[in-house]
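Okay, work_13.txt now, which holds compact mmCIF, C-alpha atoms:
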# COMPACT_ATOMS: atom_id res chain seq x y z
CA MET A 209 22.10 112.61 73.89
CA ASN A 210 24.25 111.51 76.77
CA GLY A 211 24.97 114.76 78.54
CA ASN A 212 28.23 115.65 76.75
CA ALA A 213 28.81 119.35 76.20
CA ALA A 214 30.11 118.50 72.75
CA GLU A 215 30.75 115.43 70.74
CA LEU A 216 31.90 114.14 67.39
CA ASP A 217 30.25 111.01 66.09
CA ALA A 218 32.15 109.11 63.37
CA VAL A 219 33.19 112.35 61.69
CA THR A 220 35.04 111.89 58.41
CA ILE A 221 36.74 114.86 56.80
CA ALA A 222 37.83 114.94 53.20
CA TYR A 223 39.28 117.60 50.94
CA GLY A 224 38.89 117.23 47.19
CA GLY A 225 37.76 113.64 47.60
CA LYS A 226 40.84 112.75 49.64
CA PRO A 227 40.03 111.70 53.19
CA LEU A 228 42.05 113.52 55.83
CA LEU A 229 40.43 111.95 58.89
CA ARG A 230 38.26 108.87 59.15
CA GLU A 231 35.48 108.29 61.65
CA VAL A 232 36.62 110.38 64.55
CA SER A 233 34.40 109.96 67.61
CA LEU A 234 34.94 111.73 70.88
CA GLY A 235 32.92 113.26 73.69
CA ILE A 236 33.65 116.22 75.94
CA ALA A 237 31.96 115.91 79.33
CA PRO A 238 30.74 119.11 81.00
CA GLY A 239 33.32 120.74 83.26
CA THR A 240 36.26 118.83 81.82
CA VAL A 241 39.25 119.82 79.72
CA TYR A 242 39.79 117.90 76.49
CA ALA A 243 43.10 118.30 74.66
CA LEU A 244 43.30 117.25 71.02
CA LEU A 245 46.85 116.66 69.86
CA GLY A 246 48.33 116.05 66.44
CA ARG A 247 51.09 117.14 64.13
CA ASN A 248 50.59 120.06 61.74
CA GLY A 249 48.10 119.08 59.07
CA ALA A 250 46.70 116.18 61.10
CA GLY A 251 43.25 117.73 60.96
CA LYS A 252 42.89 119.39 64.37
CA SER A 253 41.60 122.68 63.04
CA SER A 254 39.23 120.93 60.64
CA LEU A 255 37.64 119.11 63.58
CA VAL A 256 37.33 122.40 65.43
CA ARG A 257 35.53 123.92 62.43
CA VAL A 258 33.17 120.95 62.23
CA LEU A 259 32.41 121.25 65.93
CA LEU A 260 31.68 124.95 65.55
CA GLY A 261 29.41 124.42 62.57
CA LEU A 262 31.78 126.18 60.16
CA GLN A 263 32.42 123.13 58.06
CA ARG A 264 30.25 120.22 57.08
CA PRO A 265 31.86 116.81 57.56
CA GLU A 266 31.98 114.33 54.68
CA ALA A 267 30.23 111.85 56.94
CA GLY A 268 29.22 111.61 60.58
CA LYS A 269 27.99 114.44 62.74
CA ALA A 270 28.92 116.89 65.44
CA LEU A 271 26.78 117.80 68.44
CA LEU A 272 27.04 120.94 70.55
CA PHE A 273 24.95 120.73 73.71
CA GLY A 274 23.03 117.98 71.94
CA ARG A 275 22.24 120.14 68.88
CA ASP A 276 23.52 120.23 65.33
CA PRO A 277 26.04 123.10 65.05
CA TRP A 278 25.75 123.19 61.25
CA ARG A 279 22.02 123.97 61.37
CA GLU A 280 21.80 125.91 64.60
CA ARG A 281 25.11 127.69 64.62
CA ALA A 282 23.73 131.17 65.33
CA SER A 283 21.89 130.25 68.50
CA LEU A 284 24.52 127.82 69.78
CA MET A 285 27.43 130.25 69.41
CA ASP A 286 26.01 132.33 72.24
CA ARG A 287 27.20 129.61 74.60
CA VAL A 288 30.63 129.09 73.05
CA GLY A 289 33.81 131.17 73.36
CA VAL A 290 36.35 130.66 70.61
CA VAL A 291 40.03 131.50 70.37
CA PRO A 292 40.92 130.87 66.72
CA GLU A 293 44.24 129.58 65.48
CA ALA A 294 45.01 132.80 63.63
CA PRO A 295 43.53 135.59 65.77
CA ASP A 296 42.19 138.27 63.49
CA ALA A 297 40.24 141.52 63.89
CA PRO A 298 39.98 144.87 62.08
CA SER A 299 43.50 146.28 62.32
CA THR A 300 42.43 149.74 63.50
CA ALA A 301 40.10 148.53 66.27
CA SER A 302 41.45 148.55 69.84
CA ALA A 303 40.68 145.81 72.34
CA ASP A 304 38.39 148.22 74.21
CA LEU A 305 36.45 148.93 71.02
CA LEU A 306 36.18 145.22 70.18
CA SER A 307 34.89 144.49 73.67
CA ALA A 308 32.28 147.26 73.38
CA PHE A 309 31.20 145.87 70.03
CA CYS A 310 30.85 142.32 71.42
CA GLY A 311 28.86 143.76 74.32
CA ARG A 312 26.27 145.00 71.87
CA VAL A 313 25.99 141.61 70.18
CA HIS A 314 25.94 139.37 73.26
CA GLY A 315 23.13 139.30 75.77
CA ARG A 316 25.41 138.77 78.76
CA TRP A 317 28.70 140.62 78.43
CA ASP A 318 31.20 141.19 81.20
CA ALA A 319 33.05 144.26 79.86
CA GLY A 320 34.71 144.87 83.25
CA GLY A 321 35.94 141.29 83.35
CA VAL A 322 37.39 141.56 79.86
CA ALA A 323 39.25 144.78 80.75
CA THR A 324 40.62 143.29 83.99
CA ARG A 325 41.81 140.20 82.19
CA LEU A 326 43.50 142.22 79.43
CA ASP A 327 45.29 144.33 82.03
CA ARG A 328 46.42 141.20 83.84
CA LEU A 329 47.71 139.72 80.59
CA GLY A 330 49.53 142.97 79.89
CA VAL A 331 47.71 143.88 76.68
CA PRO A 332 47.45 147.62 75.91
CA ARG A 333 43.70 148.01 75.56
CA ARG A 334 43.75 151.16 73.45
CA ARG A 335 46.36 150.10 70.93
CA PRO A 336 44.98 149.19 67.46
CA PHE A 337 44.71 145.45 66.96
CA GLY A 338 47.00 145.58 63.92
CA LYS A 339 49.84 146.97 66.05
CA LEU A 340 49.69 144.20 68.67
CA SER A 341 52.13 141.29 68.80
CA LYS A 342 50.93 137.81 67.91
CA GLY A 343 50.77 136.86 71.57
CA GLU A 344 48.80 140.00 72.44
CA LYS A 345 46.34 139.32 69.63
CA GLY A 346 45.79 135.84 71.04
CA SER A 347 45.28 137.30 74.51
CA VAL A 348 42.66 139.72 73.13
CA HIS A 349 40.74 136.81 71.63
CA PHE A 350 41.11 134.82 74.84
CA ALA A 351 39.70 137.69 76.91
CA LEU A 352 36.88 138.28 74.42
CA ALA A 353 36.07 134.56 74.30
CA LEU A 354 35.50 134.62 78.06
CA GLY A 355 33.55 137.87 77.99
CA ALA A 356 30.23 136.16 77.43
CA SER A 357 30.80 133.61 80.25
CA PRO A 358 30.64 130.70 77.78
CA ASP A 359 29.61 127.18 78.72
CA LEU A 360 32.24 125.85 76.32
CA LEU A 361 35.58 127.40 75.54
CA VAL A 362 37.28 126.29 72.32
CA LEU A 363 40.96 127.13 71.91
CA ASP A 364 42.72 126.32 68.66
CA ASP A 365 46.42 126.15 69.48
CA PRO A 366 46.26 129.02 71.98
CA THR A 367 49.94 129.11 72.92
CA LEU A 368 51.30 129.02 69.37
CA GLY A 369 53.71 131.92 69.03
CA LEU A 370 53.52 132.94 72.69
CA ASP A 371 56.68 133.59 74.65
CA PRO A 372 57.13 131.54 77.86
CA VAL A 373 55.84 134.31 80.12
CA ALA A 374 52.68 134.92 78.08
CA ARG A 375 52.13 131.19 77.87
CA HIS A 376 52.46 130.82 81.64
CA GLU A 377 49.99 133.68 82.13
CA LEU A 378 47.50 132.19 79.70
CA PHE A 379 47.50 128.80 81.38
CA GLY A 380 47.25 130.46 84.79
CA ASP A 381 44.27 132.47 83.60
CA LEU A 382 42.68 129.41 82.08
CA ILE A 383 43.06 127.57 85.39
CA GLY A 384 41.47 130.47 87.24
CA GLU A 385 38.55 130.31 84.85
CA LEU A 386 38.20 126.56 85.41
CA ALA A 387 38.24 127.05 89.17
CA ASP A 388 35.75 129.92 89.18
CA ARG A 389 33.25 128.77 86.61
CA GLY A 390 33.92 125.14 85.82
CA THR A 391 33.95 125.99 82.12
CA THR A 392 34.20 123.08 79.70
CA VAL A 393 37.30 123.40 77.54
CA PHE A 394 38.23 121.89 74.20
CA LEU A 395 41.69 122.78 73.00
CA THR A 396 44.06 121.73 70.28
CA THR A 397 47.70 122.24 71.03
CA HIS A 398 51.34 121.44 70.50
CA ASP A 399 52.09 122.55 74.02
CA LEU A 400 52.29 119.14 75.63
CA ALA A 401 54.05 120.24 78.79
CA GLY A 402 51.44 122.95 79.32
CA VAL A 403 48.41 120.70 79.06
CA GLU A 404 49.97 117.81 80.96
CA GLY A 405 48.66 119.07 84.29
CA ILE A 406 45.42 120.50 82.94
CA ALA A 407 43.82 118.07 80.50
CA ASP A 408 41.36 115.52 81.84
CA ARG A 409 41.15 113.71 78.57
CA VAL A 410 43.44 113.52 75.58
CA GLY A 411 43.04 112.50 71.93
CA ILE A 412 45.94 112.06 69.53
CA LEU A 413 45.35 112.35 65.77
CA ALA A 414 47.78 110.30 63.72
CA GLY A 415 47.63 108.31 60.52
CA GLY A 416 44.31 109.81 59.46
CA LYS A 417 42.39 108.78 62.55
CA LEU A 418 42.04 109.32 66.26
CA ALA A 419 44.89 106.94 67.08
CA VAL A 420 44.75 107.19 70.86
CA GLU A 421 42.10 108.51 73.19
CA GLY A 422 41.51 108.33 76.90
CA ASP A 423 41.73 109.93 80.32
CA LEU A 424 45.22 111.34 80.62
CA GLU A 425 45.84 109.54 83.87
CA GLU A 426 44.70 106.25 82.39
CA LEU A 427 46.89 106.77 79.29
CA LYS A 428 49.89 107.43 81.46
CA SER A 429 49.26 104.30 83.46
CA ARG A 430 49.18 102.05 80.41
CA PHE A 431 52.00 103.57 78.33
CA ARG A 432 55.52 102.52 79.30
CA ARG A 433 58.92 102.47 77.71
CA ILE A 434 60.21 98.96 78.18
CA THR A 435 63.87 98.12 77.80
CA TYR A 436 65.47 94.70 77.98
CA SER A 437 68.23 92.66 76.57
CA ASN A 438 67.28 89.84 74.36
CA GLU A 439 69.30 86.69 74.61
CA ILE A 440 67.23 84.50 72.33
CA THR A 441 67.72 86.20 69.00
CA PRO A 442 71.35 85.70 68.12
CA SER A 443 71.79 88.80 66.03
CA ARG A 444 71.59 92.20 67.60
CA GLU A 445 69.44 93.54 64.82
CA SER A 446 66.08 92.11 65.65
CA TYR A 447 63.64 91.01 68.30
CA GLY A 448 61.38 88.01 68.58
CA THR A 449 57.99 87.00 69.87
CA GLU A 450 58.74 87.99 73.44
CA LEU A 451 57.01 91.34 72.90
CA ASP A 452 53.77 89.71 71.72
CA LEU A 453 52.39 90.04 75.24
CA PHE A 454 52.20 93.75 74.64
CA ASP A 455 50.75 96.10 72.06
CA ALA A 456 53.89 97.89 71.00
CA ALA A 457 53.53 101.34 69.45
CA ARG A 458 57.20 101.51 68.57
CA VAL A 459 60.16 99.17 68.81
CA ARG A 460 63.78 100.13 68.46
CA VAL A 461 66.63 97.69 68.46
CA ARG A 462 69.66 99.24 70.06
CA GLY A 463 73.20 98.07 70.51
CA TRP A 464 72.54 97.24 74.16
CA GLY A 465 69.14 95.60 73.64
CA VAL A 466 65.59 96.42 72.72
CA GLU A 467 63.49 99.47 73.57
CA ALA A 468 59.75 99.27 73.03
CA VAL A 469 56.91 101.68 73.75
CA VAL A 470 53.92 99.63 74.84
CA THR A 471 50.35 100.83 75.11
CA ASN A 472 48.81 98.17 77.38
CA PHE A 473 51.17 97.98 80.30
CA ASP A 474 50.14 96.54 83.62
CA ASP A 475 52.13 95.02 86.44
CA ALA A 476 50.94 91.44 85.95
CA ARG A 477 51.69 91.49 82.23
CA PHE A 478 55.11 92.97 82.83
CA GLU A 479 55.85 90.28 85.41
CA ARG A 480 55.07 87.59 82.81
CA PHE A 481 57.18 89.43 80.24
CA ARG A 482 60.13 89.87 82.57
CA THR A 483 60.30 86.21 83.50
CA GLN A 484 60.17 84.89 79.94
CA GLU A 485 63.13 82.85 78.81
CA GLY A 486 65.72 84.95 77.03
CA VAL A 487 64.52 88.24 78.46
CA SER A 488 66.85 89.82 80.94
CA ALA A 489 67.46 93.13 82.63
CA ALA A 490 63.92 94.27 81.81
CA GLY A 491 62.86 97.69 82.99
CA ALA A 492 59.72 99.76 82.52
CA GLU A 493 59.76 103.56 82.62
CA PRO A 494 56.74 105.84 82.78
CA MET A 495 56.33 108.34 79.96
CA SER A 496 55.38 111.99 79.85
CA LEU A 497 52.56 113.12 77.57
CA GLU A 498 55.17 114.46 75.18
CA GLU A 499 56.90 111.09 74.99
CA ILE A 500 53.57 109.34 74.46
CA PHE A 501 52.74 111.80 71.69
CA LEU A 502 56.09 111.26 69.97
CA ALA A 503 55.66 107.50 70.12
CA VAL A 504 52.15 107.63 68.65
CA ALA A 505 52.48 110.47 66.15
CA GLY A 506 56.21 110.39 65.44
CA ILE A 507 57.70 108.89 62.38
CA ARG A 508 58.14 105.18 62.74
CA GLU A 509 61.73 104.17 63.13
CA ARG A 510 63.44 102.36 60.32
CA GLU A 511 65.38 100.06 62.60
CA GLU A 512 62.15 98.34 63.59
CA ARG A 513 62.66 94.71 62.69
CA LYS A 514 61.20 91.50 63.91
CA THR A 515 62.18 87.88 63.45
CA SER A 516 60.20 84.70 64.06
CA MET B 132 55.94 124.30 99.32
CA ILE B 133 54.59 121.52 97.20
CA ARG B 134 56.42 120.43 94.08
CA ILE B 135 54.82 118.33 91.44
CA ASP B 136 56.08 116.75 88.27
CA PRO B 137 53.29 116.33 85.70
CA ALA B 138 55.48 113.93 83.72
CA ASP B 139 55.83 111.59 86.71
CA ALA B 140 53.95 108.28 86.59
CA VAL B 141 52.45 109.04 89.99
CA PRO B 142 49.08 110.73 89.34
CA ILE B 143 49.15 114.46 90.01
CA TRP B 144 46.38 114.29 92.62
CA LYS B 145 48.47 111.73 94.49
CA GLN B 146 51.55 113.95 94.32
CA ILE B 147 49.52 116.82 95.77
CA GLU B 148 48.04 114.59 98.45
CA ASP B 149 51.50 113.37 99.45
CA GLY B 150 52.86 116.91 99.33
CA ILE B 151 50.23 118.22 101.75
CA ARG B 152 50.69 115.23 104.06
CA HIS B 153 54.39 115.95 104.05
CA LEU B 154 53.85 119.63 104.84
CA VAL B 155 51.55 118.74 107.72
CA ALA B 156 53.89 116.07 109.09
CA ALA B 157 56.91 118.37 108.86
CA GLY B 158 55.07 121.27 110.50
CA GLY B 159 55.03 123.52 107.44
CA LEU B 160 51.23 123.56 107.80
CA ARG B 161 50.30 123.73 111.48
CA PRO B 162 47.15 122.23 113.00
CA GLY B 163 44.27 124.66 112.55
CA ALA B 164 46.07 126.62 109.83
CA PRO B 165 44.22 127.33 106.58
CA ALA B 166 45.25 125.16 103.64
CA PRO B 167 45.86 127.04 100.38
CA SER B 168 42.63 127.47 98.43
CA VAL B 169 42.02 125.03 95.59
CA ARG B 170 42.12 127.91 93.11
CA ASP B 171 45.42 129.33 94.36
CA LEU B 172 47.15 125.99 94.59
CA ALA B 173 45.91 125.00 91.12
CA ARG B 174 47.21 128.26 89.67
CA ASP B 175 50.55 127.97 91.47
CA LEU B 176 51.09 124.42 90.31
CA ARG B 177 49.52 125.02 86.87
CA VAL B 178 47.21 122.06 87.24
CA ASN B 179 43.50 121.50 86.81
CA PRO B 180 41.56 122.67 89.90
CA ALA B 181 39.58 119.43 89.80
CA THR B 182 42.83 117.58 90.43
CA VAL B 183 43.57 119.68 93.51
CA ALA B 184 39.97 119.25 94.70
CA ARG B 185 40.35 115.49 94.39
CA ALA B 186 43.50 115.51 96.53
CA TYR B 187 41.78 117.73 99.12
CA GLN B 188 38.76 115.47 99.24
CA ARG B 189 40.95 112.46 99.96
CA LEU B 190 42.81 114.41 102.63
CA ALA B 191 39.51 115.43 104.21
CA GLU B 192 38.32 111.81 104.19
CA ALA B 193 41.58 110.78 105.82
CA GLY B 194 41.07 113.45 108.48
CA VAL B 195 44.19 115.43 107.58
CA LEU B 196 42.16 118.43 106.40
CA THR B 197 38.82 119.74 107.64
CA VAL B 198 36.39 121.60 105.40
CA ARG B 199 34.49 124.32 107.24
CA ARG B 200 31.56 125.36 105.18
CA GLY B 201 31.85 128.93 103.96
CA GLU B 202 35.25 129.37 105.56
CA GLY B 203 37.53 127.13 103.57
CA THR B 204 39.81 124.21 104.23
CA PHE B 205 41.98 123.88 107.33
CA VAL B 206 44.52 121.49 108.73
CA THR B 207 42.68 119.35 111.25
CA ASP B 208 43.34 120.48 114.84
CA ALA B 209 44.32 117.06 116.05
CA PRO B 210 45.38 114.94 113.11
CA PRO B 211 43.79 111.53 113.61
CA GLY B 212 45.93 108.54 114.39
CA LEU B 213 45.61 105.49 112.22
CA SER B 214 44.10 102.32 113.62
CA ARG B 215 46.65 99.86 114.96
CA GLY B 216 46.37 97.59 111.91
CA GLU B 217 46.60 100.45 109.46
CA ARG B 218 49.55 101.89 111.28
CA SER B 219 51.57 98.72 111.27
CA ARG B 220 50.79 98.18 107.59
CA ALA B 221 51.80 101.73 106.70
CA LEU B 222 55.01 101.41 108.69
CA ARG B 223 55.88 98.07 107.14
CA ASP B 224 55.26 99.33 103.58
CA GLY B 225 57.35 102.42 104.13
CA ALA B 226 60.08 100.44 105.87
CA ASP B 227 60.25 97.89 103.06
CA ARG B 228 60.66 100.62 100.49
CA TYR B 229 63.32 102.32 102.56
CA ALA B 230 65.16 99.05 103.22
CA VAL B 231 65.38 98.38 99.49
CA LEU B 232 66.57 101.91 98.86
CA ALA B 233 69.23 101.65 101.56
CA ARG B 234 70.47 98.31 100.22
CA THR B 235 70.61 99.56 96.64
CA ALA B 236 72.56 102.58 97.76
CA GLY B 237 75.04 100.25 99.41
CA ALA B 238 74.39 101.50 102.95
CA SER B 239 75.17 99.30 105.93
CA ASP B 240 72.34 98.41 108.32
CA GLU B 241 73.82 100.71 110.89
CA GLU B 242 74.02 103.62 108.46
CA ALA B 243 70.44 103.03 107.36
CA LEU B 244 69.14 103.00 110.92
CA ARG B 245 71.06 106.15 111.78
CA ALA B 246 69.45 107.94 108.82
CA VAL B 247 65.98 106.97 110.09
CA GLU B 248 66.79 108.22 113.57
CA ALA B 249 68.07 111.48 112.17
CA ALA B 250 64.89 111.93 110.10
CA LEU B 251 62.71 111.31 113.18
CA ALA B 252 64.77 113.79 115.16
CA ARG B 253 64.36 116.44 112.46
CA ILE B 254 60.58 116.09 112.59
CA ARG B 255 60.58 116.11 116.42
CA HIS B 256 62.39 119.44 116.43
CA ARG B 257 59.95 121.12 114.12
CA PRO B 258 58.48 124.47 115.22
CA GLU B 259 56.45 123.99 118.37
CA ARG B 260 52.82 123.05 117.91
CA GLU B 261 49.94 123.85 120.17
CA GLU B 262 49.23 121.26 122.86
CA ARG B 263 45.75 120.01 123.26
Show this structure as C-alpha cells.
Amino acid sequence: MNGNAAELDAVTIAYGGKPLLREVSLGIAPGTVYALLGRNGAGKSSLVRVLLGLQRPEAGKALLFGRDPWRERASLMDRVGVVPEAPDAPSTASADLLSAFCGRVHGRWDAGGVATRLDRLGVPRRRPFGKLSKGEKGSVHFALALGASPDLLVLDDPTLGLDPVARHELFGDLIGELADRGTTVFLTTHDLAGVEGIADRVGILAGGKLAVEGDLEELKSRFRRITYSNEITPSRESYGTELDLFDAARVRVRGWGVEAVVTNFDDARFERFRTQEGVSAAGAEPMSLEEIFLAVAGIREREERKTS
Amino acid sequence: MIRIDPADAVPIWKQIEDGIRHLVAAGGLRPGAPAPSVRDLARDLRVNPATVARAYQRLAEAGVLTVRRGEGTFVTDAPPGLSRGERSRALRDGADRYAVLARTAGASDEEALRAVEAALARIRHRPEREER
C-alpha cells in the first residue's frame, strides 16, 4: 500500500485465451486526474472493469483504496462514482426518480446538488431516461456519479457522442468538482484536446501494453518532432545511424529530409545530434497530446526505412 | 484576459504565471485588486485547478500576488522590485531574446530600439495607479 487511491499491478487481460493487454501497472494518486488513452479495442474499458471489480484479470491485481475490488466490491463502491461508457437506466425512469432511488441506496446523497447540476447541464429532470439524447444520458450519469460525493470518479469515455457545447459544459463541471472537492479522477477518453489541460498523468495503451506512461508535463517535455536533412545517406529514401542518439517512436523519410518523433528529447542530446556530421537544418518542435498519441498509437508508417 | 495554449511546449502553469505577470505589468490587474479565484480561472481556461494553484503559489512567492487568509488572493499593493543582480539578469535574458527576434525579422537596430521605446511608452500610459 503506497497511498494511491487506485492502482493496477501487472494486470493481464485475456479473452478466450488470447491476451489483449499484458502486465499493465499504473497508480492514481489521491487528488489527481489520470487519463487513459487508447484506440478503440485497446482495452481501456476492460481495465476500467477490472478496477471496479466487475471483471477478474487473467493475472495481476487491482487495488481500490488499498483493497481488492473483486472481493470487496460492494463496500468499496460507496466511495466510487462511475460514468459508464454506455449510459443505461430504465427507460421510463426520469432523472429525478433515479436520483431519489440512489438517495435511498447511498448513505450520503446530495439530491439538491444532483438537481442543480442537471439544471446547469440543461437536462430535463422529469423526462423519461429513454427519451433523452445520448449526451443527456451521459450527463444524468455524471450528475448521479457525483451525488454521493465520491472519493474516486471513474469516467469511461465521458465525452463520446457529446456535442461541443455539452462537452465544454462537462469539462467545466468536472473542473469545478476538482476545485471544490479535490476528487480523484480516472478517465478513459478519445478527447485529447479536452484532457490536455486537465490530466496530471497520462497512460497510452498500444500494441497490447501500456506503451507510454507519465506526468503529462514530463511527457510533453521529452517528446519532440525532429526534422533535419540528411547529407550522409546518398539516397533520399532512408536514414542512417544519426538518430541512434534518440529513442524514435516513428520515423518518416520525406522528400525534403527526415522527420522523426523522439521520446527522450533533451537540450543536451539535441545539441549533440544537431552538430553531427551530415545532419543539417535540424529543428525540434514540441508536440500536443494528440500528436503524441498519434505517434505512439497510430499505425506505423510504411516509408520507415533505415540503412547502415 | 489570459490566453493559454495547452498544446504549447511551455507548461500550462508557466503560461498562467506569465499571463498574470503580464496583466499586472500592463495595468489590467491593479495593485490591491482581487485576482480571479483559482476555481473561476480554472473553469474559464478549462484547466486543472491544481495547475492554476501552482501558478498562484509561484506568483505569491515572487511577491506579485498576496494571499489574505479567508479573503482570497490579491495583487500585491507595491509589487516588489527585483534585486539588482536579478534585475540585470532578467533584462539581459529578455533583451537577448528580443535581439534575436529583431534580427530574424530583418529589423534594423534603429527599428528594434524604436519598438522597445514604444512598448515602454505604452506601459507608462496605462490607467493611473494609486501612488504610495
Report task. Counting only C-alpha atoms, figure out which residue out of B:Asp208, B:Glu242, B:Glu202, B:Glu217 gets nearest to Ser168 in chain B. Result ->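 With only C-alpha atoms as the atom set, the closest residue is B:Glu202.
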Within 10 Å of Pro298 in chain A using all atoms listed in the file, minus same-chain residues under 2 positions, as a compact mmCIF listing (two decimals) with C-alpha atoms, in the coordinates of the input:
# COMPACT_ATOMS: atom_id res chain seq x y z
CA ASP A 296 42.19 138.27 63.49
CA THR A 300 42.43 149.74 63.50
CA ALA A 301 40.10 148.53 66.27
CA SER A 302 41.45 148.55 69.84
CA LEU A 306 36.18 145.22 70.18
CA PRO A 336 44.98 149.19 67.46
CA PHE A 337 44.71 145.45 66.96
CA GLY A 338 47.00 145.58 63.92
Requested in this report: Have a look at CA of Val331 in chain A and CA of Lys345 in chain A and let me know their distance in Å, one decimal.
Outcome: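 Value for the CA of Val331 in chain A-CA of Lys345 in chain A distance: 8.5 Å.
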When you look at Leu395 in chain A with a cut-off of 6 Å (counting only C-alpha atoms), what residues show up, excluding the ones that are within fewer than 2 positions of it in the same chain? I need them as an mmCIF file with C-alpha atoms, in the frame of the given file.
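What follows is the written file around09.cif:
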data_model
loop_
_atom_site.group_PDB
_atom_site.id
_atom_site.type_symbol
_atom_site.label_atom_id
_atom_site.label_comp_id
_atom_site.auth_asym_id
_atom_site.auth_seq_id
_atom_site.Cartn_x
_atom_site.Cartn_y
_atom_site.Cartn_z
ATOM 1 C CA ALA A 243 43.100 118.300 74.660
ATOM 2 C CA VAL A 362 37.280 126.290 72.320
ATOM 3 C CA LEU A 363 40.960 127.130 71.910
ATOM 4 C CA ASP A 364 42.720 126.320 68.660
#
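Of the residues listed (B:Val247, B:Val141, B:Ile254, B:Leu176), B:Ile254 shows the shortest atom-to-atom separation from His153 in chain B; distances use all atoms listed in the file.
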Query raised in the report: In terms of the shortest atom-to-atom distance over only C-alpha atoms, which of B:Ala243, B:Ala181, B:Leu154, B:Leu160 is closest to chain A?
Result: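 Ranked by minimum distance to chain A, first place goes to B:Ala181.
Proximity to chain B was assessed for A:Val241, A:Leu360, A:Leu271, A:Leu354 counting all atoms listed in the file; the smallest distance is recorded for A:Val241.
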Pick out the chain B residues within 7 Å of chain A. Count all atoms listed in the file. Give them as an mmCIF file with C-alpha atoms, in the coordinates of the input.
data_model
loop_
_atom_site.group_PDB
_atom_site.id
_atom_site.type_symbol
_atom_site.label_atom_id
_atom_site.label_comp_id
_atom_site.auth_asym_id
_atom_site.auth_seq_id
_atom_site.Cartn_x
_atom_site.Cartn_y
_atom_site.Cartn_z
ATOM 1 C CA PRO B 137 53.290 116.330 85.700
ATOM 2 C CA ALA B 138 55.480 113.930 83.720
ATOM 3 C CA ASP B 139 55.830 111.590 86.710
ATOM 4 C CA ALA B 140 53.950 108.280 86.590
ATOM 5 C CA PRO B 142 49.080 110.730 89.340
ATOM 6 C CA ARG B 170 42.120 127.910 93.110
ATOM 7 C CA ALA B 173 45.910 125.000 91.120
ATOM 8 C CA ARG B 174 47.210 128.260 89.670
ATOM 9 C CA ARG B 177 49.520 125.020 86.870
ATOM 10 C CA VAL B 178 47.210 122.060 87.240
ATOM 11 C CA ASN B 179 43.500 121.500 86.810
ATOM 12 C CA PRO B 180 41.560 122.670 89.900
#
Report task. Place a sphere of radius 8 Å on (46.7, 115.7, 93.4) in the file coordinates and name every protein, DNA or RNA residue with an atom inside or on its surface, counting all atoms listed in the file; give the answer as a ChimeraX atom specification. Result -> /B:142-148,182-187
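CA of Leu255 in chain A to CA of Ala353 in chain A spans 18.9 Å [interatomic distance, one decimal].
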Non-local contacts of Arg287 in chain A (8 Å; all atoms listed in the file; under 6 positions in same chain excluded) as a CSV table (one decimal) with C-alpha atoms, keeping the file's coordinate frame:
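Written file, result-v8.csv:
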chain,number,residue,atom,x,y,z
A,356,ALA,CA,30.2,136.2,77.4
A,357,SER,CA,30.8,133.6,80.2
A,358,PRO,CA,30.6,130.7,77.8
A,359,ASP,CA,29.6,127.2,78.7
A,360,LEU,CA,32.2,125.8,76.3
Query - Non-local contacts of His314 in chain A (9 Å; all atoms listed in the file; under 3 positions in same chain excluded) as a PyMOL selection string - result: chain A and resi 286+309-311+317+356
Report task. Grab the CA of Thr471 in chain A to CA of Tyr242 in chain A distance for me, in Å with one decimal place. Result ->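 Interatomic distance here is 20.1 Å.
Shortest atom-to-atom contact with Gly268 in chain A among A:Val469, A:Val288, A:Ala297, A:Ala218: A:Ala218, counting only C-alpha atoms.
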Query raised in the report: Which protein, DNA or RNA residues have an atom at most 10 Å from (35.7, 145.6, 79.4), counting all atoms listed in the file? List them as a ChimeraX atom specification.
Result: /A:303-308,310-311,317-326,333,351-352,355
Query raised in the report: Which neighbours of range 263-266 of chain A fall inside 12 Å, counting all atoms listed in the file, when residues of the same chain fewer than 5 positions from it are skipped, and could you give them as a VMD selection string?
Result: chain A and resid 216 to 232 251 253 to 258 276 to 279 281
